[in-house]
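Undergrad: Contents of upload04.tsv (TSV, C-alpha atoms) are given next:
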chain	number	residue	atom	x	y	z
A	1	MET	CA	12.27	-14.47	-6.70
A	2	PHE	CA	12.16	-14.47	-10.48
A	3	ILE	CA	11.45	-17.84	-12.09
A	4	THR	CA	12.01	-16.43	-15.60
A	5	ASP	CA	12.88	-12.93	-16.84
A	6	SER	CA	9.22	-11.87	-16.63
A	7	ILE	CA	7.57	-14.18	-14.02
A	8	ALA	CA	8.18	-13.85	-10.28
A	9	LEU	CA	7.09	-15.97	-7.33
A	10	LYS	CA	6.41	-13.53	-4.46
A	11	PRO	CA	5.88	-14.88	-0.94
A	12	ALA	CA	4.85	-12.13	1.50
A	13	LEU	CA	4.38	-11.68	5.25
A	14	PHE	CA	1.91	-9.15	6.70
A	15	VAL	CA	1.72	-7.49	10.10
A	16	MET	CA	-1.42	-5.45	10.71
A	17	MET	CA	-2.86	-3.32	13.51
A	18	LEU	CA	-6.23	-1.58	13.44
A	19	GLU	CA	-7.81	0.99	15.66
A	20	GLU	CA	-10.93	2.93	14.71
A	21	LYS	CA	-13.96	4.67	16.18
A	22	ASN	CA	-17.35	4.64	14.49
A	23	LYS	CA	-20.35	6.74	15.47
A	24	SER	CA	-23.67	5.03	14.81
A	25	LYS	CA	-25.97	6.91	12.40
A	26	ILE	CA	-29.01	5.39	14.11
A	27	SER	CA	-28.20	6.12	17.76
A	28	ASP	CA	-25.69	8.04	19.85
A	29	VAL	CA	-23.47	4.97	20.34
A	30	THR	CA	-19.73	5.01	19.61
A	31	TYR	CA	-18.16	1.69	18.58
A	32	THR	CA	-14.43	1.30	19.19
A	33	THR	CA	-12.54	-1.42	17.33
A	34	GLU	CA	-9.10	-2.62	18.35
A	35	GLY	CA	-7.40	-5.04	15.98
A	36	ARG	CA	-4.96	-6.46	18.48
A	37	ASN	CA	-4.94	-9.66	20.40
A	38	GLU	CA	-5.09	-9.51	24.17
A	39	HIS	CA	-1.29	-9.39	24.43
A	40	GLY	CA	-1.13	-6.20	22.34
A	41	SER	CA	0.51	-7.86	19.35
A	42	PRO	CA	-0.76	-7.40	15.78
A	43	ASP	CA	-2.57	-9.76	13.41
A	44	TYR	CA	-0.51	-11.74	10.91
A	45	GLY	CA	-0.86	-12.93	7.36
A	46	ILE	CA	0.97	-14.66	4.54
A	47	ARG	CA	0.49	-14.46	0.78
A	48	LEU	CA	1.93	-16.21	-2.24
A	49	ALA	CA	1.64	-14.43	-5.59
A	50	VAL	CA	2.77	-15.28	-9.10
A	51	ASP	CA	3.27	-12.06	-11.07
A	52	TYR	CA	3.94	-11.36	-14.72
A	53	TYR	CA	6.28	-8.35	-15.08
A	54	LEU	CA	6.45	-5.88	-17.94
A	55	PRO	CA	9.51	-3.57	-17.83
A	56	MET	CA	8.65	0.12	-18.34
A	57	GLY	CA	12.25	1.44	-18.18
A	58	ARG	CA	14.27	3.23	-15.47
A	59	ASN	CA	13.79	0.36	-12.95
A	60	ILE	CA	9.96	0.63	-13.15
A	61	TYR	CA	7.85	-2.46	-13.83
A	62	MET	CA	4.12	-3.04	-14.25
A	63	TYR	CA	2.88	-6.40	-12.99
A	64	ALA	CA	-0.29	-8.48	-12.77
A	65	GLY	CA	-1.09	-11.89	-11.35
A	66	PRO	CA	-3.03	-14.15	-9.00
A	67	SER	CA	-2.43	-14.52	-5.27
A	68	LEU	CA	-3.42	-16.83	-2.43
A	69	GLY	CA	-3.33	-15.68	1.19
A	70	LEU	CA	-4.15	-16.41	4.81
A	71	LEU	CA	-4.80	-13.87	7.62
A	72	THR	CA	-5.38	-14.66	11.27
A	73	GLY	CA	-6.04	-12.52	14.31
A	74	LYS	CA	-8.34	-11.33	17.04
A	75	TYR	CA	-10.52	-8.23	17.18
A	76	LYS	CA	-12.16	-6.59	20.14
A	77	TRP	CA	-15.13	-4.19	19.92
A	78	SER	CA	-16.59	-2.13	22.72
A	79	ARG	CA	-19.71	0.08	22.83
A	80	SER	CA	-19.98	3.36	24.70
A	81	ASN	CA	-23.66	3.02	25.66
A	82	ASP	CA	-23.59	-0.23	27.69
A	83	SER	CA	-19.89	-1.13	28.10
A	84	ALA	CA	-20.50	-4.42	26.28
A	85	GLU	CA	-17.44	-6.04	24.75
A	86	GLU	CA	-17.28	-8.38	21.80
A	87	THR	CA	-14.25	-10.41	20.74
A	88	ALA	CA	-13.77	-12.33	17.52
A	89	ASP	CA	-11.02	-14.75	16.57
A	90	TYR	CA	-10.84	-14.96	12.81
A	91	THR	CA	-9.11	-16.79	9.98
A	92	GLU	CA	-9.43	-15.43	6.44
A	93	PHE	CA	-8.57	-17.36	3.27
A	94	ILE	CA	-8.05	-15.06	0.26
A	95	LEU	CA	-7.91	-15.71	-3.50
A	96	GLY	CA	-7.12	-12.60	-5.50
A	97	ALA	CA	-5.86	-10.87	-8.63
A	98	ARG	CA	-3.70	-7.76	-8.56
A	99	LEU	CA	-2.37	-5.09	-10.91
A	100	GLY	CA	0.51	-2.90	-9.81
A	101	ALA	CA	3.73	-1.03	-10.36
A	102	GLN	CA	7.11	-1.60	-8.78
A	103	TYR	CA	10.21	0.57	-8.59
A	104	MET	CA	13.48	-1.26	-7.93
A	105	ILE	CA	15.83	0.79	-5.74
A	106	THR	CA	18.53	-1.88	-5.99
A	107	GLU	CA	18.65	-5.18	-7.86
A	108	ARG	CA	17.04	-7.03	-4.88
A	109	PHE	CA	15.01	-4.32	-3.08
A	110	GLY	CA	12.05	-2.28	-4.31
A	111	ILE	CA	8.82	-0.53	-3.44
A	112	PHE	CA	5.41	-1.29	-4.92
A	113	ALA	CA	1.80	-0.13	-5.10
A	114	ASP	CA	-1.08	-2.25	-6.37
A	115	VAL	CA	-4.85	-2.60	-6.64
A	116	GLY	CA	-6.81	-5.82	-6.70
A	117	LEU	CA	-9.98	-7.85	-6.59
A	118	PHE	CA	-10.25	-10.53	-3.87
A	119	TYR	CA	-12.59	-13.30	-2.83
A	120	SER	CA	-12.40	-14.06	0.91
A	121	ILE	CA	-13.79	-16.80	3.11
A	122	ILE	CA	-13.72	-15.67	6.74
A	123	LYS	CA	-14.23	-18.02	9.67
A	124	ARG	CA	-15.09	-16.23	12.94
A	125	ASP	CA	-15.61	-17.30	16.54
A	126	VAL	CA	-17.51	-14.46	18.22
A	127	GLN	CA	-18.24	-13.95	21.91
A	128	GLU	CA	-20.05	-11.00	23.49
A	129	LYS	CA	-19.95	-10.12	27.18
A	130	ASN	CA	-22.06	-7.58	29.05
A	131	ALA	CA	-20.61	-4.99	31.46
A	132	SER	CA	-20.51	-7.52	34.31
A	133	GLY	CA	-18.49	-9.99	32.22
A	134	SER	CA	-21.24	-12.56	31.62
A	135	VAL	CA	-21.29	-14.15	28.16
A	136	THR	CA	-24.42	-13.06	26.30
A	137	TYR	CA	-23.53	-14.38	22.81
A	138	ASP	CA	-21.23	-17.18	21.64
A	139	HIS	CA	-21.31	-18.19	17.99
A	140	SER	CA	-19.11	-19.38	15.09
A	141	TYR	CA	-19.87	-18.53	11.48
A	142	ASP	CA	-18.40	-18.28	7.99
A	143	THR	CA	-18.68	-15.31	5.63
A	144	SER	CA	-17.79	-15.05	1.94
A	145	ILE	CA	-16.90	-11.62	0.55
A	146	LEU	CA	-15.91	-10.27	-2.86
A	147	LYS	CA	-13.91	-7.09	-2.25
A	148	THR	CA	-11.59	-4.62	-3.90
A	149	MET	CA	-8.30	-3.34	-2.59
A	150	THR	CA	-7.92	0.26	-3.68
A	151	SER	CA	-4.26	0.60	-2.76
A	152	GLY	CA	-1.60	-1.63	-1.36
A	153	LEU	CA	1.83	-0.19	-0.62
A	154	GLY	CA	4.90	-2.06	0.47
A	155	VAL	CA	8.48	-3.10	0.05
A	156	VAL	CA	9.79	-6.20	-1.69
A	157	PHE	CA	13.00	-8.16	-1.17
A	158	TYR	CA	14.25	-10.67	-3.74
A	159	PHE	CA	16.59	-13.49	-2.70
Represent the supplied structure as structure tokens.
TA:
Amino acid sequence: MFITDSIALKPALFVMMLEEKNKSKISDVTYTTEGRNEHGSPDYGIRLAVDYYLPMGRNIYMYAGPSLGLLTGKYKWSRSNDSAEETADYTEFILGARLGAQYMITERFGIFADVGLFYSIIKRDVQEKNASGSVTYDHSYDTSILKTMTSGLGVVFYF
């Protein structure tokens, strides 16, 4: 929603799913990551951004601005060599800055692409179980990360 002709307040909702396989360069172990909770539903996030818009003509706008976000979910990793399984509940707090472009298809609906720099604080509760199901590791920890987002694509609705 535009506050002025060039400044917009942009709340956003995210739904994410992740599935990947990684082959270790050190050993012959394959790590499989599933970014779903145990009920098969995806991880969720919210973000609030304040963007300054510069019209480029023909319904195209460049924008830049800060954002604040929260992600939450559960990941599960498994290893091929010993059938161990690790789960992690996580909450990620994100402070970022983005630069992007937006094309407005209608007055209230558009598509966008952006890049950004983000600082994240991630809180994780990790538990590892061996093949028989016994807990071998149970730990909580925080991580701080400075990261870039090389491309973000999406749709935007203005009310």
Undergrad: I'd like the interatomic distance between CA of Leu68 (chain A) and CA of Ile122 (chain A), to a tenth of an Å.
TA: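 Going from CA of Leu68 (chain A) over to CA of Ile122 (chain A), I get 13.8 Å.
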Undergrad: Which residue is closest to Leu95 (chain A)? Choose from A:Met1, A:Ala49, A:Val126, A:Ala12 and count only C-alpha atoms.
TA: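 Nearest candidate to Leu95 (chain A) out of A:Met1, A:Ala49, A:Val126, A:Ala12: A:Ala49.
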Undergrad: If we count all atoms listed in the file and set the cut-off at 9 Å, which residues sit around Asp51 (chain A), ignoring sequence neighbours fewer than 2 positions away in its own chain? Please answer as a VMD selection string.
TA: chain A and resid 6 to 10 49 53 63 to 67 98 to 99
Undergrad: Taking (5.3, -5.4, 4.2) in the file's own coordinates, collect the residues within 8 Å, counting all atoms listed in the file, and hand them back as a list in words.
TA: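 These residues have at least one counted atom within 8 Å: Ala12, Leu13, Phe14, Val15, Leu153, Gly154, Val155 and Val156 of chain A.
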Undergrad: Mind pulling up the distance from CA of Glu128 (chain A) to CA of Met149 (chain A)?
TA: 29.6 Å
Undergrad: Find the residue from A:Ile111, A:Leu70, A:Met62, A:Met104 that sits nearest to Thr91 (chain A); use all atoms listed in the file when measuring.
TA: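 Using all atoms listed in the file, the shortest distance to Thr91 (chain A) belongs to A:Leu70.
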Undergrad: If I take CA of Gly116 (chain A) and CA of Ala97 (chain A), how far is one from the other in Å, to one decimal?
TA: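 Value for the CA of Gly116 (chain A)-CA of Ala97 (chain A) distance: 5.5 Å.
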Undergrad: So which one's closest to Phe118 (chain A), A:Ala84, A:Ile145, A:Ala131, A:Ile3? Using only C-alpha atoms, please.
TA: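 With only C-alpha atoms as the atom set, the closest residue is A:Ile145.
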Undergrad: Under the rule that all atoms listed in the file are counted, which of A:Thr150, A:Thr143, A:Thr72, A:Ser78 is the nearest residue to Lys123 (chain A)?
TA: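 Selected residue with least distance to Lys123 (chain A): A:Thr143.
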Undergrad: Counting all atoms listed in the file, which residues come within 12 Å of (12.8, 0.5, -12.9), with the point read in the file's coordinates, and could you list them as a list in words?
TA: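 Answer for this query, in the requested form: Tyr53, Leu54, Pro55, Met56, Gly57, Arg58, Asn59, Ile60, Tyr61, Met62, Ala101, Gln102, Tyr103, Met104, Ile105, Thr106, Glu107, Arg108, Phe109, Gly110, Ile111 and Phe112 of chain A.
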Undergrad: Let me see the file: selected residues, C-alpha atoms, as a CSV table (one decimal), keeping the file's coordinate frame.
TA:
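again31.csv, freshly written:
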chain,number,residue,atom,x,y,z
A,53,TYR,CA,6.3,-8.4,-15.1
A,54,LEU,CA,6.4,-5.9,-17.9
A,55,PRO,CA,9.5,-3.6,-17.8
A,56,MET,CA,8.6,0.1,-18.3
A,57,GLY,CA,12.2,1.4,-18.2
A,58,ARG,CA,14.3,3.2,-15.5
A,59,ASN,CA,13.8,0.4,-13.0
A,60,ILE,CA,10.0,0.6,-13.2
A,61,TYR,CA,7.8,-2.5,-13.8
A,62,MET,CA,4.1,-3.0,-14.2
A,101,ALA,CA,3.7,-1.0,-10.4
A,102,GLN,CA,7.1,-1.6,-8.8
A,103,TYR,CA,10.2,0.6,-8.6
A,104,MET,CA,13.5,-1.3,-7.9
A,105,ILE,CA,15.8,0.8,-5.7
A,106,THR,CA,18.5,-1.9,-6.0
A,107,GLU,CA,18.6,-5.2,-7.9
A,108,ARG,CA,17.0,-7.0,-4.9
A,109,PHE,CA,15.0,-4.3,-3.1
A,110,GLY,CA,12.0,-2.3,-4.3
A,111,ILE,CA,8.8,-0.5,-3.4
A,112,PHE,CA,5.4,-1.3,-4.9
Undergrad: Could you list, as a list in words, every residue within 6 Å of Gly73 (chain A), counting all atoms listed in the file and ignoring same-chain residues fewer than 3 positions away?
TA: Asp43, Asp89 and Tyr90 of chain A
